[in-house]
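See below for protein.pdb, which holds PDB, C-alpha atoms and all ligand atoms.
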ATOM      1  CA  MET H   4      10.275  -2.275  -7.247
ATOM      2  CA  ALA H   5      11.981  -0.212  -4.567
ATOM      3  CA  GLU H   6      10.972   1.513  -1.368
ATOM      4  CA  GLN H   7       9.976   5.083  -2.095
ATOM      5  CA  PHE H   8       9.908   7.548   0.787
ATOM      6  CA  ILE H   9       6.567   9.300   0.967
ATOM      7  CA  GLY H  10       6.637  11.121   4.292
ATOM      8  CA  LYS H  11       6.715  10.957   8.048
ATOM      9  CA  ALA H  12       4.211   8.768   9.867
ATOM     10  CA  SER H  13       3.635  11.617  12.321
ATOM     11  CA  GLU H  14       2.337  13.751   9.449
ATOM     12  CA  PHE H  15      -0.504  11.290   8.840
ATOM     13  CA  LYS H  16      -3.376  11.513  11.304
ATOM     14  CA  ASP H  17      -5.743   8.596  11.408
ATOM     15  CA  GLY H  18      -8.134   9.059   8.474
ATOM     16  CA  ASP H  19      -5.667  11.175   6.462
ATOM     17  CA  ARG H  20      -4.762  10.340   2.884
ATOM     18  CA  GLN H  21      -2.198  11.338   0.338
ATOM     19  CA  ILE H  22      -2.280  10.932  -3.395
ATOM     20  CA  VAL H  23       1.207  10.614  -4.859
ATOM     21  CA  ARG H  24       2.685  10.013  -8.270
ATOM     22  CA  ILE H  25       5.608   7.589  -8.325
ATOM     23  CA  GLY H  26       6.986   7.152 -11.810
ATOM     24  CA  GLU H  27       4.031   6.105 -13.933
ATOM     25  CA  ASP H  28       1.830   5.109 -10.990
ATOM     26  CA  GLU H  29      -0.669   7.267  -9.146
ATOM     27  CA  ILE H  30      -1.171   5.903  -5.651
ATOM     28  CA  GLY H  31      -3.541   6.694  -2.798
ATOM     29  CA  ILE H  32      -2.081   6.134   0.673
ATOM     30  CA  PHE H  33      -4.522   5.863   3.557
ATOM     31  CA  ARG H  34      -3.932   5.778   7.284
ATOM     32  CA  HIS H  35      -6.739   3.848   8.904
ATOM     33  CA  GLU H  36      -6.773   2.659  12.507
ATOM     34  CA  GLY H  37      -3.024   3.202  12.724
ATOM     35  CA  GLU H  38      -2.219   1.082   9.641
ATOM     36  CA  PHE H  39      -1.147   2.294   6.212
ATOM     37  CA  TYR H  40      -2.790   1.050   3.015
ATOM     38  CA  ALA H  41      -1.796   2.009  -0.512
ATOM     39  CA  TYR H  42      -3.746   1.396  -3.703
ATOM     40  CA  SER H  43      -3.675   2.402  -7.329
ATOM     41  CA  ASN H  44      -5.664   5.590  -7.769
ATOM     42  CA  PHE H  45      -7.036   4.354 -11.101
ATOM     43  CA  CYS H  46     -10.552   3.030 -10.604
ATOM     44  CA  LEU H  47     -11.251  -0.333 -12.212
ATOM     45  CA  HIS H  48     -14.548   0.937 -13.577
ATOM     46  CA  GLN H  49     -13.517   3.776 -15.848
ATOM     47  CA  GLY H  50     -10.223   5.038 -14.482
ATOM     48  CA  GLY H  51     -11.635   7.604 -12.065
ATOM     49  CA  PRO H  52      -9.661   8.786  -9.018
ATOM     50  CA  ALA H  53     -10.563   5.745  -6.912
ATOM     51  CA  CYS H  54      -8.857   6.890  -3.692
ATOM     52  CA  GLU H  55     -10.165  10.449  -3.579
ATOM     53  CA  GLY H  56     -13.816  10.043  -2.714
ATOM     54  CA  LEU H  57     -15.700   9.497   0.502
ATOM     55  CA  THR H  58     -14.575   7.030   3.105
ATOM     56  CA  ILE H  59     -17.595   5.380   4.619
ATOM     57  CA  ALA H  60     -18.294   2.442   6.910
ATOM     58  CA  ASN H  61     -19.735  -0.654   5.286
ATOM     59  CA  VAL H  62     -23.531  -0.780   5.458
ATOM     60  CA  GLU H  63     -25.267  -4.060   6.117
ATOM     61  CA  GLU H  64     -28.888  -4.984   6.528
ATOM     62  CA  ARG H  65     -29.549  -7.169   9.548
ATOM     63  CA  LEU H  66     -32.275  -9.770   9.207
ATOM     64  CA  ARG H  67     -34.199 -11.709  11.795
ATOM     65  CA  PRO H  68     -34.342 -15.515  11.365
ATOM     66  CA  ASP H  69     -37.650 -15.107   9.525
ATOM     67  CA  LYS H  70     -35.863 -12.699   7.132
ATOM     68  CA  THR H  71     -37.697  -9.564   8.240
ATOM     69  CA  SER H  72     -35.392  -6.589   8.234
ATOM     70  CA  MET H  73     -33.978  -5.009  11.373
ATOM     71  CA  GLY H  74     -32.789  -2.051   9.328
ATOM     72  CA  LEU H  75     -29.485  -0.902   7.919
ATOM     73  CA  HIS H  76     -26.428  -0.616  10.118
ATOM     74  CA  PHE H  77     -22.862   0.544   9.772
ATOM     75  CA  THR H  78     -20.263  -2.147  10.427
ATOM     76  CA  ASN H  79     -16.690  -1.534  11.630
ATOM     77  CA  ASP H  80     -15.286  -2.164   8.142
ATOM     78  CA  MET H  81     -14.284   0.965   6.299
ATOM     79  CA  ASN H  82     -14.614   1.461   2.550
ATOM     80  CA  PHE H  83     -13.570   4.189   0.167
ATOM     81  CA  VAL H  84     -15.729   5.245  -2.726
ATOM     82  CA  CYS H  85     -14.667   6.328  -6.201
ATOM     83  CA  PRO H  86     -16.218   9.779  -6.687
ATOM     84  CA  TRP H  87     -17.093   9.238 -10.334
ATOM     85  CA  HIS H  88     -19.716   6.514 -10.205
ATOM     86  CA  GLY H  89     -19.488   5.085  -6.714
ATOM     87  CA  TYR H  90     -17.405   1.898  -6.973
ATOM     88  CA  GLU H  91     -16.816   1.040  -3.330
ATOM     89  CA  TYR H  92     -13.561  -0.630  -2.251
ATOM     90  CA  ASP H  93     -12.629  -2.321   1.012
ATOM     91  CA  MET H  94      -9.993  -0.287   2.845
ATOM     92  CA  LYS H  95      -8.034  -3.339   3.992
ATOM     93  CA  THR H  96      -8.020  -5.361   0.775
ATOM     94  CA  GLY H  97      -8.826  -3.006  -2.108
ATOM     95  CA  CYS H  98     -11.558  -5.430  -3.233
ATOM     96  CA  HIS H  99     -14.841  -4.131  -4.584
ATOM     97  CA  VAL H 100     -17.358  -4.659  -1.796
ATOM     98  CA  LYS H 101     -19.754  -6.653  -3.990
ATOM     99  CA  ASP H 102     -17.394  -8.442  -6.344
ATOM    100  CA  LYS H 103     -14.177  -9.608  -4.660
ATOM    101  CA  SER H 104     -12.642 -10.463  -8.043
ATOM    102  CA  VAL H 105     -12.519  -6.740  -8.792
ATOM    103  CA  ARG H 106      -9.506  -5.569  -6.856
ATOM    104  CA  LEU H 107      -7.390  -2.435  -6.993
ATOM    105  CA  ARG H 108      -3.637  -2.913  -7.296
ATOM    106  CA  LYS H 109      -2.263  -2.928  -3.770
ATOM    107  CA  TYR H 110       1.180  -1.577  -2.873
ATOM    108  CA  ASP H 111       3.154  -2.627   0.189
ATOM    109  CA  VAL H 112       3.778   0.104   2.730
ATOM    110  CA  VAL H 113       6.848  -0.153   4.941
ATOM    111  CA  THR H 114       7.433   1.975   8.030
ATOM    112  CA  LYS H 115      10.910   2.389   9.449
ATOM    113  CA  GLY H 116      10.724   4.388  12.632
ATOM    114  CA  ASN H 117       8.829   7.516  11.644
ATOM    115  CA  ASP H 118       9.496   7.128   7.911
ATOM    116  CA  VAL H 119       6.879   5.748   5.558
ATOM    117  CA  TYR H 120       7.795   4.065   2.272
ATOM    118  CA  VAL H 121       5.676   2.681  -0.523
ATOM    119  CA  VAL H 122       7.115  -0.208  -2.512
ATOM    120  CA  ALA H 123       6.633   0.799  -6.137
TER
ATOM    121  CA  MET I  28      31.522  -5.899 -29.265
ATOM    122  CA  SER I  29      32.946  -9.254 -28.185
ATOM    123  CA  SER I  30      30.680 -12.246 -27.999
ATOM    124  CA  PRO I  31      30.125 -13.997 -24.652
ATOM    125  CA  LYS I  32      32.258 -16.851 -26.017
ATOM    126  CA  THR I  33      35.287 -14.601 -26.470
ATOM    127  CA  THR I  34      34.859 -13.114 -22.982
ATOM    128  CA  LYS I  35      34.769 -16.592 -21.485
ATOM    129  CA  ALA I  36      37.948 -17.607 -23.251
ATOM    130  CA  LYS I  37      39.753 -14.480 -22.030
ATOM    131  CA  ALA I  38      38.529 -14.956 -18.487
ATOM    132  CA  ALA I  39      39.730 -18.527 -18.409
ATOM    133  CA  LYS I  40      43.286 -17.561 -19.370
ATOM    134  CA  PRO I  41      44.584 -16.212 -16.033
ATOM    135  CA  ALA I  42      43.453 -19.380 -14.276
ATOM    136  CA  ALA I  43      45.382 -21.512 -16.729
ATOM    137  CA  LYS I  44      48.523 -19.480 -16.013
ATOM    138  CA  LEU I  45      48.230 -19.785 -12.237
ATOM    139  CA  VAL I  46      51.591 -20.554 -10.766
ATOM    140  CA  GLY I  47      52.718 -21.090  -7.232
ATOM    141  CA  ALA I  48      55.578 -19.379  -5.394
ATOM    142  CA  ALA I  49      58.074 -21.912  -6.726
ATOM    143  CA  GLY I  50      56.969 -21.365 -10.310
ATOM    144  CA  LYS I  51      55.055 -24.624 -10.367
ATOM    145  CA  PRO I  52      51.393 -24.901 -11.377
ATOM    146  CA  ALA I  53      49.123 -23.755  -8.571
ATOM    147  CA  SER I  54      47.418 -27.141  -8.262
ATOM    148  CA  ASP I  55      50.761 -28.534  -7.215
ATOM    149  CA  GLU I  56      50.954 -25.906  -4.433
ATOM    150  CA  GLY I  57      47.909 -27.363  -2.713
ATOM    151  CA  MET I  58      45.173 -25.269  -4.424
ATOM    152  CA  SER I  59      42.281 -27.643  -4.694
ATOM    153  CA  ALA I  60      40.136 -27.995  -7.787
ATOM    154  CA  LYS I  61      37.304 -26.387  -5.815
ATOM    155  CA  ASP I  62      39.470 -23.338  -4.964
ATOM    156  CA  LYS I  63      40.420 -23.038  -8.591
ATOM    157  CA  ALA I  64      36.801 -23.222  -9.660
ATOM    158  CA  ASN I  65      35.935 -20.537  -7.113
ATOM    159  CA  PHE I  66      38.776 -18.362  -8.328
ATOM    160  CA  ILE I  67      37.618 -18.661 -11.922
ATOM    161  CA  LYS I  68      34.049 -17.969 -10.878
ATOM    162  CA  ALA I  69      35.163 -14.843  -9.023
ATOM    163  CA  MET I  70      37.061 -13.686 -12.110
ATOM    164  CA  MET I  71      33.980 -14.262 -14.255
ATOM    165  CA  GLU I  72      31.817 -12.334 -11.815
ATOM    166  CA  GLY I  73      34.293  -9.482 -12.004
ATOM    167  CA  LEU I  74      33.981  -9.388 -15.768
ATOM    168  CA  LYS I  75      30.195  -9.252 -15.726
ATOM    169  CA  PRO I  76      28.737  -5.781 -16.013
ATOM    170  CA  ALA I  77      27.348  -4.662 -12.625
ATOM    171  CA  ALA I  78      23.585  -5.148 -12.352
ATOM    172  CA  ALA I  79      22.064  -1.821 -13.308
ATOM    173  CA  ALA I  80      20.730  -0.102 -10.182
ATOM    174  CA  GLU I  81      17.027   0.705 -10.398
ATOM    175  CA  PRO I  82      16.798   4.375 -11.224
ATOM    176  CA  ALA I  83      15.333   6.384  -8.358
ATOM    177  CA  LYS I  84      11.733   7.302  -9.130
ATOM    178  CA  LYS I  85      10.440  10.760  -8.466
ATOM    179  CA  VAL I  86       7.774  10.898  -5.771
ATOM    180  CA  GLU I  87       5.389  13.758  -6.356
ATOM    181  CA  ILE I  88       2.684  14.543  -3.807
ATOM    182  CA  LEU I  89      -0.450  15.374  -5.780
ATOM    183  CA  ARG I  90      -2.756  16.148  -2.871
ATOM    184  CA  LYS I  91      -3.264  15.635   0.814
ATOM    185  CA  ILE I  92      -6.752  14.866   2.038
ATOM    186  CA  SER I  93      -7.190  15.387   5.765
ATOM    187  CA  ALA I  94      -9.478  13.380   7.986
ATOM    188  CA  PRO I  95     -12.518  15.397   9.034
ATOM    189  CA  VAL I  96     -11.959  17.087  12.392
ATOM    190  CA  PRO I  97     -14.971  17.062  14.714
ATOM    191  CA  VAL I  98     -16.302  20.577  15.167
ATOM    192  CA  ALA I  99     -17.026  21.572  18.739
ATOM    193  CA  ARG I 100     -19.161  24.660  19.260
ATOM    194  CA  LYS I 101     -20.970  25.964  22.287
ATOM    195  CA  SER I 102     -24.723  26.119  22.080
ATOM    196  CA  ASN I 103     -26.176  29.588  21.543
ATOM    197  CA  PRO I 104     -29.656  31.156  21.320
ATOM    198  CA  THR I 105     -29.825  30.884  17.507
ATOM    199  CA  SER I 106     -28.959  27.180  17.639
ATOM    200  CA  ASP I 107     -31.483  26.612  20.429
ATOM    201  CA  ASP I 108     -34.206  28.295  18.311
ATOM    202  CA  ALA I 109     -33.205  26.201  15.290
ATOM    203  CA  LEU I 110     -33.396  22.993  17.346
ATOM    204  CA  LYS I 111     -36.858  23.962  18.629
ATOM    205  CA  LEU I 112     -38.055  24.727  15.086
ATOM    206  CA  ALA I 113     -36.650  21.407  13.795
ATOM    207  CA  ALA I 114     -38.349  19.501  16.634
ATOM    208  CA  ALA I 115     -41.659  21.263  15.944
ATOM    209  CA  LEU I 116     -41.458  20.485  12.205
ATOM    210  CA  ASP I 117     -40.548  16.855  12.913
ATOM    211  CA  ALA I 118     -43.486  16.529  15.299
ATOM    212  CA  LYS I 119     -45.873  17.970  12.724
ATOM    213  CA  PHE I 120     -44.470  15.729  10.004
ATOM    214  CA  ALA I 121     -44.769  12.686  12.280
ATOM    215  CA  GLY I 122     -48.412  13.638  12.724
ATOM    216  CA  GLY I 123     -48.898  13.594   8.962
ATOM    217  CA  ASP I 124     -48.768  17.362   8.511
ATOM    218  CA  PHE I 125     -46.302  18.191   5.774
ATOM    219  CA  GLU I 126     -47.916  21.540   5.055
ATOM    220  CA  ALA I 127     -46.622  23.154   8.229
ATOM    221  CA  LEU I 128     -44.465  25.572   6.256
ATOM    222  CA  THR I 129     -45.443  27.676   3.270
ATOM    223  CA  PRO I 130     -43.301  27.141   0.153
ATOM    224  CA  GLU I 131     -41.765  30.590   0.779
ATOM    225  CA  ALA I 132     -40.780  29.649   4.338
ATOM    226  CA  THR I 133     -39.359  26.302   3.156
ATOM    227  CA  GLN I 134     -37.361  28.032   0.411
ATOM    228  CA  ALA I 135     -35.981  30.669   2.777
ATOM    229  CA  LEU I 136     -34.992  28.070   5.373
ATOM    230  CA  MET I 137     -33.471  25.755   2.771
ATOM    231  CA  ALA I 138     -31.411  28.537   1.173
ATOM    232  CA  ALA I 139     -30.173  29.797   4.551
ATOM    233  CA  LEU I 140     -29.147  26.307   5.692
ATOM    234  CA  CYS I 141     -27.550  25.492   2.337
ATOM    235  CA  LYS I 142     -25.391  28.639   2.433
ATOM    236  CA  LEU I 143     -24.515  28.162   6.097
ATOM    237  CA  TYR I 144     -23.501  24.536   5.622
ATOM    238  CA  ALA I 145     -21.416  25.270   2.494
ATOM    239  CA  ALA I 146     -19.653  28.160   4.265
ATOM    240  CA  ASN I 147     -18.752  25.865   7.169
ATOM    241  CA  MET I 148     -17.388  23.228   4.801
ATOM    242  CA  GLU I 149     -15.348  25.749   2.847
ATOM    243  CA  ALA I 150     -13.940  27.167   6.073
ATOM    244  CA  GLY I 151     -12.767  23.652   6.975
ATOM    245  CA  ASP I 152     -15.389  23.122   9.706
ATOM    246  CA  LYS I 153     -16.514  19.789   8.327
ATOM    247  CA  PHE I 154     -19.322  17.868   9.928
ATOM    248  CA  PRO I 155     -21.921  15.476   8.524
ATOM    249  CA  VAL I 156     -24.930  17.219   7.056
ATOM    250  CA  VAL I 157     -27.311  15.135   9.192
ATOM    251  CA  LYS I 158     -26.645  13.623  12.570
ATOM    252  CA  ASP I 159     -26.922   9.967  11.578
ATOM    253  CA  ARG I 160     -27.643   7.687   8.663
ATOM    254  CA  PHE I 161     -31.317   7.425   9.507
ATOM    255  CA  ALA I 162     -32.150  11.120   9.987
ATOM    256  CA  VAL I 163     -33.369  11.194   6.377
ATOM    257  CA  THR I 164     -34.010   8.401   3.896
ATOM    258  CA  GLY I 165     -32.064   7.818   0.706
ATOM    259  CA  THR I 166     -35.113   8.956  -1.255
ATOM    260  CA  ASP I 167     -35.337  12.205   0.758
ATOM    261  CA  ALA I 168     -31.658  12.882   0.056
ATOM    262  CA  MET I 169     -31.991  12.184  -3.673
ATOM    263  CA  ILE I 170     -35.052  14.390  -4.023
ATOM    264  CA  LEU I 171     -33.378  17.283  -2.236
ATOM    265  CA  CYS I 172     -30.001  16.904  -4.003
ATOM    266  CA  GLY I 173     -31.748  16.683  -7.374
ATOM    267  CA  ALA I 174     -33.862  19.743  -6.612
ATOM    268  CA  LEU I 175     -30.874  21.778  -5.447
ATOM    269  CA  LEU I 176     -28.844  20.857  -8.536
ATOM    270  CA  LYS I 177     -31.788  21.732 -10.765
ATOM    271  CA  ALA I 178     -32.292  25.050  -8.974
ATOM    272  CA  VAL I 179     -28.753  26.103  -9.895
ATOM    273  CA  ASP I 180     -28.797  24.413 -13.313
ATOM    274  CA  LEU I 181     -26.147  21.770 -12.613
ATOM    275  CA  GLN I 182     -25.953  18.192 -13.875
ATOM    276  CA  VAL I 183     -24.984  15.192 -11.777
ATOM    277  CA  PHE I 184     -21.775  14.633 -13.791
ATOM    278  CA  GLU I 185     -20.713  18.197 -13.002
ATOM    279  CA  LEU I 186     -21.169  17.427  -9.330
ATOM    280  CA  GLY I 187     -18.987  14.297  -9.693
ATOM    281  CA  MET I 188     -16.270  16.230 -11.522
ATOM    282  CA  TRP I 189     -16.296  19.007  -8.963
ATOM    283  CA  GLN I 190     -16.097  16.547  -6.085
ATOM    284  CA  SER I 191     -13.081  14.801  -7.590
ATOM    285  CA  TRP I 192     -11.293  18.086  -8.259
ATOM    286  CA  SER I 193     -12.076  19.699  -4.950
ATOM    287  CA  GLY I 194     -11.903  16.595  -2.754
ATOM    288  CA  VAL I 195     -15.089  17.808  -0.965
TER
HETATM  289  S1  LIG V   1     -14.626   5.383 -12.611
HETATM  290 FE1  LIG V   1     -14.728   4.828 -10.542
HETATM  291  S2  LIG V   1     -16.752   4.260 -10.276
HETATM  292 FE2  LIG V   1     -16.641   4.758 -12.346
END

Just dump the structure as structure tokens.
Amino acid sequence: MAEQFIGKASEFKDGDRQIVRIGEDEIGIFRHEGEFYAYSNFCLHQGGPACEGLTIANVEERLRPDKTSMGLHFTNDMNFVCPWHGYEYDMKTGCHVKDKSVRLRKYDVVTKGNDVYVVA
Amino acid sequence: MSSPKTTKAKAAKPAAKLVGAAGKPASDEGMSAKDKANFIKAMMEGLKPAAAAEPAKKVEILRKISAPVPVARKSNPTSDDALKLAAALDAKFAGGDFEALTPEATQALMAALCKLYAANMEAGDKFPVVKDRFAVTGTDAMILCGALLKAVDLQVFELGMWQSWSGV
């Protein structure tokens, strides 16, 4: 595993993504709230392009103490959704939002000054 | 190819022949056993093939997906009329009247909005299709999406494939 240069940090606006091929791996690199996250682009469901779908805030249903619903709300946690059948992954961990044991391969991202590297 | 045993034997030889300036064995010249061991170790290291450097991998950018940029547009008479019409339809619907528009009027409005929205998206002016998550229900969205796909004879899997190819 070595650091692979993938671009300049200044070229990534918040919310931007890049899909890169490094050797045998296809990797999605996200910039979210100033941080970089990199995951395998192969969805754990059926190998779809996991990092290329919608990014959407997590939705939660808030309940009163008596369990009546106060409706659905967006939280501050961001997810990305595989466009094939909708597997939804947590942006910060790569875990499936429902089943934490389902987790995309995560790659370390290193920034040195303005240069961004993925360890792959 | 020589076996590791042979290599070891060869490497050990120079150490055995170590002599000091006066032609005496090196150990007699004050070279400690530890120094000798270090010397032999260094020789052995030198005989080992260098660890193969990891070949540089090619990084190929497959696609760049930009964050949506908020679209700012000044209000104009057409937009004002559209907002008034939407408010009037919402008010009628809230009052239980969902027959406010004829099917022809609904179809014309739907087609015009569909084309307008798609043209904006394709031009890069991306904005959410409704203002917030609760403007329409999930059921409303599924009924309309299903009806639009059916109207143009598309299947859901074709939509999924197109979305993954186009990144839209
Ligand atoms: S392949 Fe990703 S959800 Fe099915």

Fill in: Contact residues (chain I, partner chain H, 8 Å, all atoms listed in the file) as a PyMOL selection string
chain I and resi 81+84-95+184+187-188+190-191+194

Worksheet item: Which residue out of H:Gly50, H:Pro68, H:Gly97, H:Gly116 has the minimum interatomic distance to ligand LIG 1 (chain V) when only C-alpha atoms and all ligand atoms are used?
Response: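 That would be H:Gly50, the residue with the smallest distance to ligand LIG 1 (chain V).
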
Worksheet item: Can you tell me how far atom CA of Ile170 of chain I sits from atom CA of Thr133 of chain I, in Å to one decimal?
Response: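 Answer for the atom CA of Ile170 of chain I to atom CA of Thr133 of chain I separation: 14.6 Å.
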
Around segment 56-66 of chain H, fit a box with edges along x, y and z, padding it by 5 Å on each side, then list its centre and edge lengths in Å to one decimal as JSON.
{"center_x": -23.0, "center_y": 0.1, "center_z": 3.4, "size_x": 28.5, "size_y": 29.8, "size_z": 22.3}

Practice prompt. Kindly resolve the PyMOL selection byres (((chain H and resi 39) around 9) and not hetatm) on the present coordinates and return the residues as a list in words.
Written response: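 With the PyMOL selection byres (((chain H and resi 39) around 9) and not hetatm) on this model, the match is Ile32, Phe33, Arg34, His35, Glu36, Gly37, Glu38, Tyr40, Ala41, Asp111, Val112, Val113, Thr114 and Val119 of chain H.
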
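Each of H:Tyr120, H:Phe83, H:Phe45, H:Tyr110 was compared to ligand LIG 1 (chain V) using all atoms listed in the file, and H:Phe45 turns out to be the nearest.
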
Item to complete: Provide the atom CA of Glu64 of chain H to atom CA of Thr78 of chain H distance in Å, to one decimal place.
Response: 9.9 Å

Worksheet item: At what distance in Å, to one decimal, does atom CA of Lys153 of chain I lie from atom CA of Met137 of chain I?
Response: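 The value is 18.8 Å.
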
Practice prompt. Using the chain letters and numbers from the file, give me the residues hit by the PyMOL selection byres (((chain H and resi 93) around 10) and not hetatm), as a VMD selection string.
Written response: chain H and resid 58 to 61 80 to 84 91 to 92 94 to 101 103 106 to 107

Item to complete: Rank H:Ala12, H:Val105, H:Leu66, H:Val122 by their smallest atom-to-atom distance to ligand LIG 1 (chain V), using only C-alpha atoms and all ligand atoms, and report the top residue only.
Response: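 Checking each candidate against ligand LIG 1 (chain V), we get H:Val105 as the closest.
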
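In terms of minimum interatomic distance to ligand LIG 1 (chain V), H:Tyr90 ranks closest within H:Ser43, H:Tyr90, H:Arg67, H:Lys115, counting all atoms listed in the file.
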